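K.L.:
Next up is a structure, given as structure tokens.
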Amino acid sequence: MRLLALLAVLGCASPDASRTATLVVATSAEPSSLLPMFVTETQGRAVSEQLFDRLSEIGPGLNTVGDAGFAPRLAERWEWSADSLRIAFHLDPRARWHDGQPVRAIDVQRALQLVKDSRTTAPQASDFGAIDSISVTDSLTATAWFSRRSPQQFYLAGYLLFPVPAHAIAGIAPDSLRTSAFARAPIGSGPFTLVSWLPQDRIELRAVADHYRGAPTLGRVVWQYASEASVSVRRLFAGEADFMETLSPPDVAELAKYPEVRAVGYPSFDYTLLAFNARDPVRHTQPHPLFGDRALRRALTMAVDRQQLARALFDSLGAPGLGPFVRAQAFADTTIPAIPFDVVAARATLDSLGWRLGANDSIRTRGGKRLAWSTLVPASSKNRQKAALILQAAFKAVGAEMTIEGLDFAGFLARQDARRFDAAIVGWRPNAGAVSLPQTWGRAGLRPGGNNLASYASDTFDAAVDSGVNALSPVEQRRLLRRAFETIIADAPAIWLYEPRNVAGAHRRVAVPALRPDAWWADLSRWTVAARLPRDTVTR
Amino acid sequence: MTTPFFEVRALSVSATSATLVAPVDFAIAPGRSLALVGPSGAGKSTIARAILDLLPRGLTRRGSVWLDGVAIHDGSGPWRARRIGALFQDPTTALDPLMRIGAQIAEVVRAGGERDHRRAARIAIDALAELGIDAPDARARQYPHELSGGQRQRAALARALVLRPALLIADEPTSALDVTTQAQFLAALDRRRGTDGLAVLLVSHDLAVVAAHAEEVLVLAQGAVVERGRTTDVLRSPQHAITRALCALHAPSAPRAPHHPSDGAPIIATQRLTKHFPVAAGWRTTHTALHAVDDVTLSVHPGEVLAIVGESGCGKSTFARLLPRLLEPTAGAIHSGARDVRALNGPALRRWRASTQLLLQESAASLDPMRTLDDAIREGLRLHAADAPHTHDARVRAAADAVGLGRALLDRPPAQCSMGERQRAALARALVVDPDVLILDEPTASLDAVAADHLLAQLAAIQCARTLTLIVITHDLGIVRRLATQIAVMYLGRVVEHGPAAEVLATPAHPYTRALLDAVPGAAGVPIAGDVPSPLAPPSGCVFHPRCTRPDRNDDCTRRIPPLLDIAPARRAACWRAAPALPETLA
Amino acid sequence: MGRAAVVRLLHALGVIAVVVTLTFALARLLPGDPFASIADHPSVDAAWRARLRTTYGFDEPLLAQFVRWCGAVLRGDLGYSFSAQRPVRELLAHALPWTLLLSSVALTVGGVLGIALGSGQAVRRGGWADRLTGSTTLVLASIPDVVVATAVLVLFGQRLRWFPIGGATGLDGGGAGDVARHLVLPAATLALLVAVTLARFHRAAMVRGADADYLLAARASGLSRWRIFWRHALPNAIAPTLTVIGVLLPILLTGTIFVEKVFAWPGMGSVLANAVLARDYHVVTAVALLSTTAVVVASAAIDALLAWLDPRTRAR
Amino acid sequence: MTARLRRDPAFVLAAAILGAWVAVALLAPQLAPYPSDLQLDLTRLRESAPSAAHWFGTDGVSRDVLSRLLVGARVTLLMGAIAVGTSLGLGVLWGSAAALSPLWLDRLLMRTIDACLAFPRLVLLLSVAAAFGQLPPIPLAVVLGATGWFGTARLVRAELRALAERSWVVAARALGAPEPRILRRHVLPALVGPLAVAASLALAAVVPLEAGLTFLGFGVRAPAASWGSLLAEAADRPDALWWMVLFPALALVSVVASATVVGDRLRRHFDLGDRA
């Protein structure tokens with residue numbers, strides 16, 4: 001019976017039928033905010049970017065240099081000044097806020113002011129340093145003024161900045177914007193508008209029928225939350241949810257048993273690494289007693305069979321890490337030689353470094369000190385826990401003892417921020433562009449509060465990255481960055497463990513287009529659903 | 001009569017492995033009473049429960065029970081409560097504590113077929129009234145805990161009799177009651193026998209009760225009938241050893257005369273000894289006091305046996321604990337010779353306690369369950385004896401011998417000994433440190449008649465042999481007769497009469513003493529009415545005045561507290577009417 | 001009576017004050033801060049997290065924070081939850097009704113079931129039904145809650161699809177029937193856990209009271225088995241069982257953590273679990289305040305109920 | 001006294017199960033077919049169902065579940081013992097301090113206990129666990145014990161107060177025994193029964209609690225295995241990985257149920273009513 005109904009559903013997913021449909025997204029984390037300027041995590045972006053439109057959308061190649069590939073959104077067109085220090089954005093006159101007010105240049109200006117105001121505590125405030133100000137040329141023209149030329153100029157103003165409804169937030173002080181009721185129930189300009197947000201339960205969005213880009217093909221989108229990831233998976237399997245952003249490899253295997261559900265693969269922007277702290281966890285000015293030593297880091301890297309690790313964790317759904325970037329990034333280079341897996345060489349190197357194995361010992365010692373350290377792992381991540389176990393066994397095989405210290409996420413972050421660890425298994429999600437590289441691996445990120453967790457410091461790397469980031473052509477950037485990556489991979493400040501291939505789960509009634517690695521939801525308003533379930537009763 | 005109205009034929013009870021009651025036959029005619037007597041464990045209660053088909057799980061009965069010529073097999077028939085009523089031992093647990101008295105009786109009425117709730121309630125109140133309970137309407141609305149023990153047991157009787165059964169099975173109905181309430185209760189029961197022709201099967205260990213209230217008796221021992229016959233015949237010439245032992249306890253014996261003239265220095269003397277317990281009360285009046293012991297002045301001379309007599313709640317046990325200072329007096333003094341006992345502390349106090357040994361009421365339970373009897377007896381020696389530990393073995397054995405405790409028992413923990421054996425071990429423990437004074441609080445309360453008899457004989461012998469001073473706390477006048485040379489009668493925390501045992505028993509001066517004597521089963525007197533008032537709010541004036549039956553009582557009695565005054569040489573009483581030579585100054 | 005009530009109230013307030021102070025101190029001694037949940041990904045700038053701390057006063061001395069928090073609570077403001085992005089009061093207002101619904105249904109069903117099972121066992125004690133029920137309840141009570149809950153969810157939600165998986169309402173707003181459908185699995189699981197514990201205690205209480213003389217007297221008075229059970233045996237054995245329910249209450253309030261988590265029930269248990277993990281101090285402290293108050297109030301209510309049930313302790 | 005317990009089949013069975021697990025724990029390395037933390041074959045033996053070679057299957061990194069279960073018995077039972085020991089120790093100290101203190105101090109101590117009892121234990125536990133990061137098994141067990149002694153303290157105080165009025169204690173006083181001696185010889189030995197009950201019931205409570213804690217991410221540190229951590233590894237997928245849930249759950253249930261039975265029977269034996 002159920003199967004017949006299912007067969008009837010398949011193949012008749014037309015945009016018209018879809019307009020009454022409800023798409024249910026199962027996920028395990030609620031947004032930290034619905035205002036894009038405050039959102040840092042993907043789950044939150046997925047929702048807030050349905051509510052808010054940008055000035056322009058990035059192209060499928062995820063190129064962040066210049067404006068190549070960017071498509072109009074709120075800005076129907078833009079023009080550069082001759083000296084490239086100004087970009088004038090011409091807003092689409094049809095664009096409306098959800099309360100019916102037109103989107104105007106002042107909304108763009110206000111957005112920048114708020115983001116740059118430190119009282120607002122927007123996380124990307126520092127990124128916007130390159131934009132001097134935005135001026136209102138006329139009500140539909142906003143001009144961004146830049147202090148210096150950079151390849152990411154347009155990306156910053158046209159993509160990262162979200163206009164806000166200046167009229168709706170006029171009465172809210174910047175320091176209470178984050179905690180204001182507006183942040184929970186905002187007025188946006190995107191294809192969907194907020195119906196309700198029930199904490200720990202769900203967020204319901206409804207299509208904006210008279211959206212300037214045309215009505216969405218979905219009637220409504222509901223994010224259903226469950227702090228246990230397994231509940232989300234079960235909802236998907238039971239047909240209660242239509243989409244889930246990432247499935248774990250075992251869930252992908254399990255999915256075969258449920259004919260209504262299919263797996264949808266797409267490239268990922270995440271990579272996971274074992275970061276070695278180059279500085280002493282207590283006295284930060286001192287080198288780390290073990291990991292200050294490049295040769296030791298290289299030896300330990302040689303002890304790990306990353307190919308097997310990735311297979312053990314993901315089967316075919318993941319690949320060994322390459323370096324401080326992911327394959328989906330435009331400048332990624334898969335041909336850079338990695339440190340090979342070679343247990344014999346690892347042992348020989350350790351021997352040569354003076355770490356000797358006594359006759360009856362299983363752990364190497366040098367001058368009475370054991371080759372032992374502790375590694376931080378967030379206990380909430382099963383993959384990283386498993387990876388830690390496999391690493392532990394691999395290091396043991398060469399006579400090194402790694403203890404695993406599992407921490408809940410908040411505790412993990414606190415220790416990570418304070419650099420109080422020997423080693424840590426860190427998940428990283430870079431931006432599409434290369435802008436953040438100096439912050440995460442260069443000396444710029446060494447300051448307290450910086451993101452250079454491994455305290456990696458290399459002049460060669462810094463110089464190469466700096467010129468790479470500022471290269472004005474993608475080809476030049478790729479060439480310069482290759483030099484930086486060769487350096488850092490050889491220095492082994494971390495073991496680049498794996499890069500999973502994302503697998504989403506979707507109900508067969510959903511026609512899922514190609515998903516973007518950095519934002520699967522980018523085209524959500526154009527998805528179609530064969531509406532046949534009781535929940536597909538949206539009336540407009 | 002060819003078919004008796006109630007008959008038990010070859011009734012036996014067995015567990016899976018053993019026979020608990022050998023086949024027994026008996027019959028009861030209307031209006032008659034048959035008693036089952038015997039030491040504890042003889043199977044008396046088992047027979048009673050077997051008749052009612054209320055045996056505990058695992059026990060099976062054989063034989064038959066005939067009522068009006070029809071055999072009754074089990075509890076499914078409508079004969080319970082309608083034809084056979086039942087009453088069990090403990091009035092504190094016989095009634096459901098969560099339900100009003102009236103409702104508990106009325107539910108039996110309704111189980112008996114009455115449909116109308118209001119009429120059932122009426123019948124319940126009538127049943128209470130019929131048993132001489134005053135203010136039955138109010139009582140019916142009360143809960144069991146609001147009633148005194150005697151009232152509760154009468155309410156339970158009302159419940160058992162409300163459907164007017166022809167037979168009542170009463171299992172030790174008075175053993176938890178004081179003498180005066182026991183007398184009230186038995187009188188009520190006898191009235192129903194006379195008026196309704198109620199037949200009674202009385203289970204009791206107390207031959208005095210049986211003698212006065214049963215025509216026929218069956219003596220049981222270890223589940224078998226060892227003697228049966230008319231009560232008077234059996235008591236006059238008991239054949240079986242058990243019967244003889246049972247009789248001995250209550251054989252009328254002459255009270256003992258004082259061994260020594262009581263003119264030397266008293267070994268313990270109390271002056272105006274008082275103990276009040278604070279009781280938390282309402283919001284504004286923070287505390288009221290429970291007057292446990294009030295203004296007691298008593299002295300005991302070496303070699304005397306002082307019996308302190310009174311009903312429960314009269315302060316006897318509190319007084320007993322004040323003497324070795326296990327409780328601190330609120331006021332008053334205790335002296336021993338020239339020593340001020342209240343000033344003692346530390347080792348001196350502990351030596352005083354050793355020399356004034358108290359045997360607690362539940363002394364069978366006063367042995368540490370984790371230690372052997374030997375250990376218990378030896379403890380006193382470890383604490384107080386100056387001599388070398390190797391001599392202790394001999395002293396422990398001597399003490400055990402003195403109380404008749406088999407040496408084989410010494411290595412056992414209390415749980416493996418009988419009550420009587422434990423009681424004797426406790427006695428040995430008290431005696432082994434050679435005390436000057438031994439205070440016994442209800443020494444036979446937890447013992448059956450045979451064991452009690454045994455213990456009393458031993459006590460008397462020891463007292464004579466060692467010229468020990470004894471203070472015996474009891475409510476049982478039988479014990480008083482056998483042991484005491486002096487008697488102090490307490491009522492509501494006060495001593496109301498004090499004097500040589502023989503004289504007090506022969507010519508009681510205080511109306512309460514007389515009431516106690518009248519309440520002894522078989523005594524001719526009319527039992528006094530009412531209950532002991534609450535010690536939280538003692539009556540004004542003479543505390544006894546609400547129950548006093550003296551025709552010459554007057555306003556003085558209700559207004560002023562009578563002091564304990566000499567009424568004859570060596571005799572004192574606290575009664576305005578009993579004091580013949582009242583000094584003018586006090587009047 | 002009046003004095004006892006006042007003493008009792010002061011005592012209860014003292015308990016609550018102690019608990020809240022302890023909770024506040026405890027929550028702040030943990031490493032990490034409420035912004036961990038906002039800064040969900042480690043790649044987010046750590047300097048920005050430090051700025052947040054300063055902006056929202058989380059770098060003040062502990063005592064100053066406590067004083068500020070206490071003042072706010074007295075004004076009825078429980079603070080702001082950074083993990084749930086809304087005022088704590090609003091968060092709790094969403095969560096509390098769901099927990100009350102879940103735990104009251106579970107307690108009622110579980111209580112009745114437990115008492116029925118325990119009574120049934122006591123009446124048939126020693127028989128095969130008693131043994132079977134006894135071992136079943138023993139085994140069920142020994143399995144960790146998580147396993148029971150997950151097994152129930154997988155079987156009835158995922159495999160059989162009799163009931164929805166998780167949540168408290170369906171997508172179209174609910175109505176009583178919809179809530180009931182969502183309630184069945186978590187409530188049944190929790191009720192089962194309550195019932196197996198209660199059954200064991202209640203059976204013991206009934207067996208302990210089974211030899212009471214008044215029951216013997218009631219049987220000897222020709223009362224029916226039902227009447228004896230309902231009017232005498234059960235009321236007399238219920239007091240210890242009610243006491244156990246009082247002991248179960250704090251466990252029930254937080255024991256719902258596992259059940260709520262597994263069934264994605266949007267109640268206090270979920271709030272609490274998330275808040276502890278997110279170091280959301282204001283939420284943890286507010287939940288502690290609320291649950292302690294609830295426990296204190298409930299145990300006072302149970303005491304009052306016990307007193308009312310038992311005329312011996314009833315106020316004169 | 002103990003003969004009655006020895007004749008009780010349920011008690012004997014439960015005690016035997018506990019005893020058997022203790023034996024298993026002691027002999028675990030000899031009994032386990034594989035080293036418990038050996039990753040046998042990461043490519044071919046991950047999450048394989050029970051087979052002749054691996055009776056209880058293998059886990060996510062190809063370790064033998066049976067071996068981990070047997071070795072896990074050590075951790076679980078040792079943690080249980082330490083947690084119970086800690087909670088009894090604290091409970092006895094606090095309870096006897098309260099019982100022997102003057103009234104005002106007694107009240108203060110007991111009000112504190114009331115507060116702690118009203119406090120949700122899991123919050124306390126989570127907070128402490130989170131404060132210290134991931135603890136090694138023994139400190140974790142101490143923490144488990146340290147959050148679960150309030151009931152014991154109450155029991156000890158009540159028992160001591162009751163014992164002070166027991167007739168054999170009064171009798172010893174009447175005999176002239178000094179108070180410390182009475183405490184040592186007559187009071188403390190009588191606490192053994194109630195404490196045995198409290199210990200078994202605490203064991204029954206602590207073992208699943210450890211499992212729950214692991215489930216929330218605060219449990220035993222890898223690669224050590226307790227039954228709780230084994231169970232938590234697959235608790236969210238009991239259908240797919242039934243062998244990783246079923247066997248540890250059975251082991252856990254056998255210990256918890258046995259401890260409960262032992263506690264119950266001891267409670268009845270020592271006639272504690274519903275006090276413990």
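Note on naming: chains are A, B, ... as they come in the structure tokens, residues start from 1 per chain, ligands start from 1 in the order shown.
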How close does chain C get to chain B? List, as JSON lines, each residue of chain C within 8 Å, its nearest atom pair and the distance in Å to one decimal, counting only C-alpha atoms.

P.N.:
{"residue": "C:Met1", "atom": "CA", "partner": "B:Gly282", "partner_atom": "CA", "distance": 6.4}
{"residue": "C:Gly2", "atom": "CA", "partner": "B:Trp283", "partner_atom": "CA", "distance": 5.8}
{"residue": "C:Arg3", "atom": "CA", "partner": "B:Trp283", "partner_atom": "CA", "distance": 4.4}
{"residue": "C:Ala4", "atom": "CA", "partner": "B:Trp283", "partner_atom": "CA", "distance": 7.4}
{"residue": "C:Ala212", "atom": "CA", "partner": "B:Thr93", "partner_atom": "CA", "distance": 6.8}
{"residue": "C:Asp213", "atom": "CA", "partner": "B:Ala94", "partner_atom": "CA", "distance": 4.9}
{"residue": "C:Tyr214", "atom": "CA", "partner": "B:Ala94", "partner_atom": "CA", "distance": 4.4}
{"residue": "C:Leu215", "atom": "CA", "partner": "B:Asp96", "partner_atom": "CA", "distance": 7.8}
{"residue": "C:Leu216", "atom": "CA", "partner": "B:Leu54", "partner_atom": "CA", "distance": 7.3}
{"residue": "C:Ala217", "atom": "CA", "partner": "B:Ala94", "partner_atom": "CA", "distance": 6.5}
{"residue": "C:Arg219", "atom": "CA", "partner": "B:Leu54", "partner_atom": "CA", "distance": 7.8}
{"residue": "C:Ala220", "atom": "CA", "partner": "B:Arg80", "partner_atom": "CA", "distance": 5.8}
{"residue": "C:Ser221", "atom": "CA", "partner": "B:Ala81", "partner_atom": "CA", "distance": 4.6}
{"residue": "C:Gly222", "atom": "CA", "partner": "B:Arg80", "partner_atom": "CA", "distance": 5.0}
{"residue": "C:Leu223", "atom": "CA", "partner": "B:Ala111", "partner_atom": "CA", "distance": 5.7}
{"residue": "C:Ser224", "atom": "CA", "partner": "B:Ala111", "partner_atom": "CA", "distance": 7.6}
{"residue": "C:His232", "atom": "CA", "partner": "B:Asp96", "partner_atom": "CA", "distance": 6.6}
{"residue": "C:Pro235", "atom": "CA", "partner": "B:Leu98", "partner_atom": "CA", "distance": 7.5}
{"residue": "C:Asn236", "atom": "CA", "partner": "B:Leu98", "partner_atom": "CA", "distance": 7.1}
{"residue": "C:Leu309", "atom": "CA", "partner": "B:Leu98", "partner_atom": "CA", "distance": 7.2}
{"residue": "C:Asp310", "atom": "CA", "partner": "B:Leu98", "partner_atom": "CA", "distance": 5.7}
{"residue": "C:Pro311", "atom": "CA", "partner": "B:Leu98", "partner_atom": "CA", "distance": 6.1}
{"residue": "C:Arg312", "atom": "CA", "partner": "B:His145", "partner_atom": "CA", "distance": 6.4}

K.L.:
Can you pull out every residue within 10 Å of region 229-231 of chain D, counting only C-alpha atoms, but drop anything in the same chain fewer than 5 positions away, and send it as a PyMOL selection string?

P.N.:
(chain C and resi 144+146-147) or (chain D and resi 59+65+68-69+72+76+210-215+217-224+236+238+243-249+252)

K.L.:
Find the distance between CA of Asp393 (chain B) and CA of Leu410 (chain B) and write it in Å to one decimal.

P.N.:
11.1 Å

K.L.:
Contacts from chain D to chain A, 10 Å maximum, only C-alpha atoms: show me the residue list as a ChimeraX atom specification.

P.N.:
/D:37-39,41-47,60-62,129-136,214-223,233,235-237,239-241

K.L.:
List as a tab-separated table every residue of chain C that is in contact with chain D, defined as an atom at most 7 Å from one of its atoms (using only C-alpha atoms), together with the nearest atom pair and the distance in Å rounded to one decimal, sorted by chain and then rising number.

P.N.:
residue	atom	partner	partner_atom	distance
C:Val15	CA	D:Ala115	CA	4.8
C:Val18	CA	D:Ala115	CA	6.7
C:Val19	CA	D:Ala115	CA	5.9
C:Leu26	CA	D:Ser127	CA	6.7
C:Ala27	CA	D:Ser127	CA	6.6
C:Leu29	CA	D:Ala131	CA	6.5
C:Leu30	CA	D:Ala131	CA	4.3
C:Pro31	CA	D:Ala131	CA	6.0
C:Leu138	CA	D:Ala257	CA	6.0
C:Val139	CA	D:Ala257	CA	6.2
C:Ser142	CA	D:Val253	CA	5.1
C:Ile143	CA	D:Val253	CA	5.7
C:Pro144	CA	D:Pro208	CA	5.3
C:Val147	CA	D:Ala235	CA	6.3
C:Thr150	CA	D:Asp236	CA	6.7
C:Ala151	CA	D:Pro238	CA	6.9
C:Pro240	CA	D:Asp274	CA	6.9
C:Pro250	CA	D:Pro120	CA	5.9
C:Ile251	CA	D:Pro120	CA	6.7
C:Thr254	CA	D:Pro120	CA	6.1
C:Val276	CA	D:Ser127	CA	7.0
C:Thr292	CA	D:Ala118	CA	5.6
C:Val295	CA	D:Ala118	CA	6.1
C:Val296	CA	D:Ala118	CA	6.9
